[in-house]
>>> print(open('protein.csv').read())   # CSV, C-alpha atoms
chain,number,residue,atom,x,y,z
T,184,MET,CA,8.1,-57.9,-5.0
T,185,LYS,CA,7.1,-61.6,-5.1
T,186,LEU,CA,4.3,-62.4,-7.4
T,187,ASN,CA,2.2,-65.5,-8.0
T,188,LYS,CA,2.6,-67.0,-11.5
T,189,ASN,CA,-1.1,-66.2,-12.2
T,190,VAL,CA,-0.5,-62.4,-11.8
T,191,ILE,CA,0.1,-60.2,-14.9
T,192,VAL,CA,2.1,-57.0,-14.5
T,193,TYR,CA,2.7,-55.0,-17.6
T,194,GLU,CA,5.7,-52.7,-18.1
T,195,ALA,CA,5.7,-49.2,-16.6
T,196,VAL,CA,4.1,-50.3,-13.3
T,197,ASP,CA,5.5,-48.8,-10.1
T,198,ILE,CA,4.3,-50.4,-6.8
T,199,GLY,CA,5.5,-49.3,-3.3
T,200,LYS,CA,6.4,-51.2,-0.2
T,201,ASP,CA,5.0,-54.6,0.9
T,202,PRO,CA,2.2,-55.1,-1.6
T,203,ILE,CA,-0.2,-58.1,-1.1
T,204,ILE,CA,-1.4,-59.2,-4.6
T,205,GLU,CA,-3.7,-62.2,-4.9
T,206,ASP,CA,-4.2,-64.6,-7.8
T,207,PHE,CA,-5.4,-63.5,-11.3
T,208,VAL,CA,-4.7,-59.8,-10.8
T,209,VAL,CA,-3.8,-57.7,-13.8
T,210,LEU,CA,-1.8,-54.5,-13.3
T,211,GLY,CA,-1.1,-51.8,-15.9
T,212,LYS,CA,-3.3,-53.1,-18.6
T,213,PRO,CA,-3.1,-50.6,-21.5
T,214,PRO,CA,-6.3,-49.2,-23.0
T,215,VAL,CA,-7.0,-50.3,-26.6
T,216,GLY,CA,-4.6,-48.5,-29.0
T,217,VAL,CA,-2.2,-47.3,-26.3
T,218,LYS,CA,1.3,-48.7,-25.9
T,219,THR,CA,2.1,-49.7,-22.4
T,220,SER,CA,5.2,-47.5,-22.3
T,221,LYS,CA,3.1,-44.4,-22.8
T,222,MET,CA,1.0,-44.7,-19.6
T,223,LYS,CA,2.4,-45.6,-16.2
T,224,LEU,CA,0.5,-47.2,-13.3
T,225,ILE,CA,1.7,-45.9,-9.9
T,226,ILE,CA,0.5,-47.6,-6.7
T,227,GLY,CA,1.8,-46.5,-3.2
T,228,ASP,CA,2.9,-48.4,-0.2
T,229,PHE,CA,1.1,-51.3,1.5
T,230,PRO,CA,-1.7,-52.1,-1.1
T,231,ILE,CA,-3.9,-55.1,-0.8
T,232,ILE,CA,-5.1,-56.1,-4.3
T,233,ARG,CA,-7.5,-59.0,-4.2
T,234,TYR,CA,-8.3,-61.9,-6.5
T,235,GLY,CA,-9.2,-61.0,-10.1
T,236,THR,CA,-8.7,-57.2,-9.8
T,237,ILE,CA,-7.8,-55.4,-13.1
T,238,ILE,CA,-6.2,-52.0,-12.9
T,239,TYR,CA,-5.4,-50.2,-16.1
T,240,ALA,CA,-2.3,-48.2,-17.0
T,241,GLY,CA,-2.4,-44.4,-16.3
T,242,ASN,CA,-3.7,-44.5,-12.8
T,243,THR,CA,-2.0,-42.8,-9.8
T,244,ILE,CA,-3.0,-44.5,-6.5
T,245,GLY,CA,-1.9,-43.6,-3.0
T,246,ASN,CA,-0.9,-45.6,0.1
T,247,ASN,CA,-2.9,-48.3,1.9
T,248,PHE,CA,-5.1,-48.9,-1.2
T,249,GLN,CA,-7.4,-52.0,-1.1
T,250,THR,CA,-9.7,-53.7,-3.6
T,251,GLY,CA,-12.2,-56.5,-3.2
T,252,ASP,CA,-12.3,-59.4,-5.5
T,253,ASN,CA,-12.8,-58.7,-9.2
T,254,ALA,CA,-12.7,-54.9,-9.0
T,255,ARG,CA,-12.1,-53.0,-12.3
T,256,ILE,CA,-10.4,-49.7,-12.5
T,257,ARG,CA,-10.0,-48.0,-15.8
T,258,GLU,CA,-7.3,-45.5,-16.9
T,259,LYS,CA,-6.4,-42.0,-15.9
T,260,ASN,CA,-7.9,-41.9,-12.4
T,261,ARG,CA,-6.4,-40.1,-9.4
T,262,ILE,CA,-6.9,-42.1,-6.2
T,263,GLY,CA,-5.8,-40.9,-2.8
T,264,ASN,CA,-4.5,-42.6,0.3
T,265,ASN,CA,-6.6,-45.1,2.4
T,266,VAL,CA,-9.1,-45.8,-0.4
T,267,SER,CA,-11.0,-49.0,-0.7
T,268,ILE,CA,-12.9,-50.3,-3.8
T,269,GLY,CA,-15.3,-53.2,-3.1
T,270,ALA,CA,-15.7,-56.5,-4.8
T,271,GLY,CA,-17.1,-56.3,-8.3
T,272,SER,CA,-17.1,-52.5,-8.4
T,273,ILE,CA,-16.2,-50.6,-11.6
T,274,ILE,CA,-14.4,-47.2,-11.7
T,275,GLU,CA,-14.3,-45.8,-15.2
T,276,ARG,CA,-11.6,-43.4,-16.5
T,277,ASP,CA,-10.8,-39.8,-15.5
T,278,CYS,CA,-12.2,-39.9,-12.0
T,279,GLU,CA,-10.8,-38.3,-8.8
T,280,ILE,CA,-11.3,-40.3,-5.6
T,281,MET,CA,-9.8,-38.5,-2.6
T,282,ASP,CA,-8.3,-39.8,0.7
T,283,GLY,CA,-10.3,-42.0,2.9
T,284,VAL,CA,-13.1,-42.9,0.5
T,285,GLU,CA,-14.9,-46.2,0.8
T,286,ILE,CA,-16.7,-47.6,-2.2
T,287,HIS,CA,-18.5,-50.9,-1.4
T,288,SER,CA,-19.3,-53.9,-3.6
T,289,SER,CA,-21.0,-53.8,-7.0
T,290,CYS,CA,-20.9,-50.0,-7.5
T,291,PHE,CA,-20.5,-48.3,-10.9
T,292,ILE,CA,-18.6,-45.0,-10.9
T,293,PRO,CA,-18.6,-43.4,-14.4
T,294,GLU,CA,-16.1,-41.1,-16.1
T,295,TYR,CA,-15.4,-37.6,-14.8
T,296,THR,CA,-16.8,-38.3,-11.3
T,297,THR,CA,-15.3,-36.7,-8.2
T,298,ILE,CA,-15.6,-38.3,-4.7
T,299,LYS,CA,-14.1,-36.2,-2.0
T,300,LYS,CA,-12.4,-37.0,1.3
T,301,ASN,CA,-14.0,-39.6,3.6
T,302,ALA,CA,-17.1,-40.1,1.6
T,303,TRP,CA,-18.8,-43.5,1.9
T,304,ILE,CA,-20.5,-45.2,-1.0
T,305,GLY,CA,-22.8,-48.1,-0.1
T,306,PRO,CA,-23.2,-51.3,-2.1
T,307,SER,CA,-24.8,-51.4,-5.6
T,308,VAL,CA,-24.8,-47.6,-5.9
T,309,ILE,CA,-25.0,-46.5,-9.6
T,310,MET,CA,-23.7,-43.1,-10.7
T,311,THR,CA,-24.3,-41.7,-14.2
T,312,ASN,CA,-22.7,-39.1,-16.4
T,313,VAL,CA,-25.0,-38.6,-19.4
T,314,LEU,CA,-28.7,-37.8,-19.4
T,315,HIS,CA,-29.5,-39.3,-22.8
T,316,PRO,CA,-27.2,-42.3,-23.5
T,317,PRO,CA,-25.6,-43.0,-25.9
T,318,CYS,CA,-25.6,-39.3,-26.9
T,319,PRO,CA,-22.6,-38.6,-29.3
T,320,ALA,CA,-22.2,-35.1,-27.8
T,321,PHE,CA,-21.0,-36.7,-24.6
T,322,LYS,CA,-17.9,-38.2,-26.2
T,323,LYS,CA,-17.2,-35.0,-28.0
T,324,ASN,CA,-17.7,-32.5,-25.2
T,325,ALA,CA,-17.3,-34.3,-21.8
T,326,PRO,CA,-16.4,-33.2,-19.3
T,327,ALA,CA,-18.3,-30.0,-19.7
T,328,LYS,CA,-18.0,-27.8,-16.6
T,329,GLY,CA,-21.3,-26.3,-15.5
T,330,GLN,CA,-23.3,-28.8,-17.5
T,331,LYS,CA,-25.3,-31.5,-15.8
T,332,CYS,CA,-25.3,-34.0,-18.7
T,333,CYS,CA,-21.6,-34.2,-19.6
T,334,ILE,CA,-19.9,-34.9,-16.3
T,335,GLY,CA,-20.2,-37.4,-13.4
T,336,PRO,CA,-21.6,-36.6,-9.9
T,337,ILE,CA,-19.6,-34.7,-7.3
T,338,VAL,CA,-19.7,-36.3,-3.8
T,339,GLU,CA,-18.5,-33.8,-1.2
T,340,GLU,CA,-16.6,-34.6,2.0
T,341,ASN,CA,-18.1,-37.0,4.5
T,342,ALA,CA,-21.2,-37.6,2.4
T,343,VAL,CA,-22.9,-41.0,2.7
T,344,VAL,CA,-24.7,-42.6,-0.2
T,345,GLY,CA,-26.9,-45.5,0.9
T,346,ALA,CA,-27.2,-48.9,-0.8
T,347,GLY,CA,-28.7,-49.1,-4.2
T,348,ALA,CA,-29.0,-45.4,-4.8
T,349,VAL,CA,-28.9,-43.9,-8.3
T,350,ILE,CA,-27.2,-40.6,-8.8
T,351,LEU,CA,-27.9,-38.6,-12.0
T,352,PRO,CA,-25.2,-36.8,-14.1
T,353,GLY,CA,-23.6,-33.7,-12.5
T,354,ILE,CA,-25.5,-34.0,-9.3
T,355,VAL,CA,-23.7,-32.6,-6.2
T,356,ILE,CA,-24.1,-34.5,-3.0
T,357,GLY,CA,-23.3,-32.0,-0.3
T,358,LYS,CA,-20.9,-32.2,2.5
T,359,ASP,CA,-22.0,-34.3,5.5
T,360,SER,CA,-25.2,-35.3,3.7
T,361,LEU,CA,-26.9,-38.7,3.6
T,362,VAL,CA,-28.7,-40.2,0.6
T,363,GLY,CA,-31.2,-42.9,1.7
T,364,ALA,CA,-31.0,-46.4,0.4
T,365,GLY,CA,-32.7,-46.9,-3.0
T,366,SER,CA,-33.1,-43.2,-3.7
T,367,VAL,CA,-33.0,-41.7,-7.2
T,368,VAL,CA,-31.2,-38.4,-6.9
T,369,THR,CA,-32.2,-35.9,-9.6
T,370,LYS,CA,-31.3,-32.7,-7.9
T,371,ASP,CA,-28.3,-31.4,-5.9
T,372,VAL,CA,-28.3,-32.4,-2.2
T,373,PRO,CA,-27.6,-29.5,0.3
T,374,SER,CA,-25.0,-30.0,2.9
T,375,SER,CA,-26.0,-31.8,6.1
T,376,ARG,CA,-29.3,-33.0,4.8
T,377,LEU,CA,-31.0,-36.4,4.6
T,378,VAL,CA,-32.7,-37.1,1.3
T,379,ALA,CA,-34.7,-40.1,0.3
T,380,GLY,CA,-37.2,-41.4,-2.2
T,381,ASN,CA,-37.8,-41.5,-6.0
T,382,PRO,CA,-37.2,-38.7,-6.8
T,383,ALA,CA,-35.2,-38.0,-3.7
T,384,ARG,CA,-36.5,-35.2,-1.5
T,385,ALA,CA,-35.1,-33.6,1.6
T,386,VAL,CA,-36.5,-35.4,4.7
T,387,LYS,CA,-34.7,-33.7,7.6
T,388,LYS,CA,-31.4,-32.2,8.7
T,389,ILE,CA,-28.6,-34.5,9.7
T,390,GLU,CA,-28.8,-33.2,13.3
T,391,GLU,CA,-32.4,-34.3,13.5
T,392,ILE,CA,-31.8,-38.0,12.8
T,393,ASP,CA,-32.5,-40.4,15.6
T,394,CYS,CA,-30.8,-43.7,16.4
T,395,PRO,CA,-33.5,-46.4,16.8
T,396,LEU,CA,-31.3,-48.6,18.9
T,397,GLY,CA,-30.3,-45.7,21.3
T,398,PHE,CA,-26.6,-45.9,20.7
T,399,TYR,CA,-26.5,-42.2,20.0
T,400,LYS,CA,-28.6,-39.3,21.1
T,401,ARG,CA,-30.7,-37.3,18.7
T,402,GLY,CA,-28.5,-35.5,16.2
T,403,GLU,CA,-25.4,-37.5,17.2
T,404,VAL,CA,-25.7,-40.4,14.7
T,405,TYR,CA,-22.7,-39.2,12.7
T,406,SER,CA,-20.8,-37.6,15.5
T,407,TRP,CA,-18.2,-40.4,15.3
T,408,ARG,CA,-17.1,-39.1,11.9
T,409,LYS,CA,-15.9,-35.8,13.3
T,410,LYS,CA,-13.4,-37.2,15.8
>>> encode(input="protein.csv", output="structure tokens")
Amino acid sequence: MKLNKNVIVYEAVDIGKDPIIEDFVVLGKPPVGVKTSKMKLIIGDFPIIRYGTIIYAGNTIGNNFQTGDNARIREKNRIGNNVSIGAGSIIERDCEIMDGVEIHSSCFIPEYTTIKKNAWIGPSVIMTNVLHPPCPAFKKNAPAKGQKCCIGPIVEENAVVGAGAVILPGIVIGKDSLVGAGSVVTKDVPSSRLVAGNPARAVKKIEEIDCPLGFYKRGEVYSWRKK
């Protein structure tokens, strides 16, 4: 692997075939108080890691991974194949991001968040994982299964979260659902529903959405995702 002199790679970093690593990237940075040899960073084949990205030790990342400029990925995340993390986005620790997920620019993904296959997260989406920050119970008890205030959101397969949406702790965004841009989601979103507003409310079923430009018939706006 050929590296520019401006790239920092700590020990215990394992990168697969043909990586593209731009200037000022840092790979395998240890969390405070952890020796680099105790946590390994694994990145699969054909990654494109762009300018200024920092990826901490302790992550396992699949093939065809991409970042935008200045992305930040903390420790102990499990990231699948064909995942992209946009410019300036932050992924905190202990998240699971499955195959085919796209996270656009300037997003914040907190600890203990799950984003399932082929979900699409628009720019400037903010997800949260504690109702009353900086509550000390969160550090002591998180992640707390079944509790809405000590865990990040769960975004199910093929869900779409529009630009600038805010998702509260523990909220489940259902499979094939759509969260409108700028929405504040305070309740779980059923599968195949469009929700919008502050607080977000169900507007219609996905099969009832029209394409204003006429590219798709009524109810077929997201048909291309099922091919």
>>> atom_distance(input="protein.csv", atom1="atom CA of T:Asp252", atom2="atom CA of T:Asn312")
25.3 Å
>>> atom_distance(input="protein.csv", atom1="atom CA of T:Asn264", atom2="atom CA of T:Leu224")
15.2 Å
>>> closest_residue(input="protein.csv", among="T:Cys333, T:Gly347, T:Ile226, T:Ala240", to="T:Ser289", atoms="only C-alpha atoms")
T:Gly347
>>> atom_distance(input="protein.csv", atom1="atom CA of T:Tyr399", atom2="atom CA of T:Met281")
28.3 Å
>>> closest_residue(input="protein.csv", among="T:Ala254, T:Val368, T:Ile350, T:Val196", to="T:Lys212", atoms="only C-alpha atoms")
T:Val196
>>> closest_residue(input="protein.csv", among="T:Pro395, T:Thr369, T:Lys388, T:Val284", to="T:Ala342", atoms="all atoms listed in the file")
T:Val284
>>> residues_around(input="protein.csv", residues="T:Glu339", least_positions_apart="4", cutoff="8 Å", atoms="only C-alpha atoms", output="PyMOL selection string")
chain T and resi 298-300+302+355-359
>>> residues_around(input="protein.csv", residues="T:Thr243", least_positions_apart="5", cutoff="12 Å", atoms="only C-alpha atoms", output="MDAnalysis selection string")
chainID T and resid 196:199 211 222:227 238 248 256:264 276:281
>>> write_last_selection(input="protein.csv", atoms="C-alpha atoms", output="PDB file, in the frame of the given file")
ATOM      1  CA  VAL T 196       4.100 -50.300 -13.300  1.00  0.00           C
ATOM      2  CA  ASP T 197       5.500 -48.800 -10.100  1.00  0.00           C
ATOM      3  CA  ILE T 198       4.300 -50.400  -6.800  1.00  0.00           C
ATOM      4  CA  GLY T 199       5.500 -49.300  -3.300  1.00  0.00           C
ATOM      5  CA  GLY T 211      -1.100 -51.800 -15.900  1.00  0.00           C
ATOM      6  CA  MET T 222       1.000 -44.700 -19.600  1.00  0.00           C
ATOM      7  CA  LYS T 223       2.400 -45.600 -16.200  1.00  0.00           C
ATOM      8  CA  LEU T 224       0.500 -47.200 -13.300  1.00  0.00           C
ATOM      9  CA  ILE T 225       1.700 -45.900  -9.900  1.00  0.00           C
ATOM     10  CA  ILE T 226       0.500 -47.600  -6.700  1.00  0.00           C
ATOM     11  CA  GLY T 227       1.800 -46.500  -3.200  1.00  0.00           C
ATOM     12  CA  ILE T 238      -6.200 -52.000 -12.900  1.00  0.00           C
ATOM     13  CA  PHE T 248      -5.100 -48.900  -1.200  1.00  0.00           C
ATOM     14  CA  ILE T 256     -10.400 -49.700 -12.500  1.00  0.00           C
ATOM     15  CA  ARG T 257     -10.000 -48.000 -15.800  1.00  0.00           C
ATOM     16  CA  GLU T 258      -7.300 -45.500 -16.900  1.00  0.00           C
ATOM     17  CA  LYS T 259      -6.400 -42.000 -15.900  1.00  0.00           C
ATOM     18  CA  ASN T 260      -7.900 -41.900 -12.400  1.00  0.00           C
ATOM     19  CA  ARG T 261      -6.400 -40.100  -9.400  1.00  0.00           C
ATOM     20  CA  ILE T 262      -6.900 -42.100  -6.200  1.00  0.00           C
ATOM     21  CA  GLY T 263      -5.800 -40.900  -2.800  1.00  0.00           C
ATOM     22  CA  ASN T 264      -4.500 -42.600   0.300  1.00  0.00           C
ATOM     23  CA  ARG T 276     -11.600 -43.400 -16.500  1.00  0.00           C
ATOM     24  CA  ASP T 277     -10.800 -39.800 -15.500  1.00  0.00           C
ATOM     25  CA  CYS T 278     -12.200 -39.900 -12.000  1.00  0.00           C
ATOM     26  CA  GLU T 279     -10.800 -38.300  -8.800  1.00  0.00           C
ATOM     27  CA  ILE T 280     -11.300 -40.300  -5.600  1.00  0.00           C
ATOM     28  CA  MET T 281      -9.800 -38.500  -2.600  1.00  0.00           C
TER      29      MET T 281
END
>>> closest_residue(input="protein.csv", among="T:Glu391, T:His287, T:Ser307, T:Ile354", to="T:Pro373", atoms="all atoms listed in the file")
T:Ile354
>>> residues_around(input="protein.csv", residues="T:Asp393", least_positions_apart="6", cutoff="7 Å", atoms="all atoms listed in the file", output="MDAnalysis selection string")
chainID T and resid 400:402 404
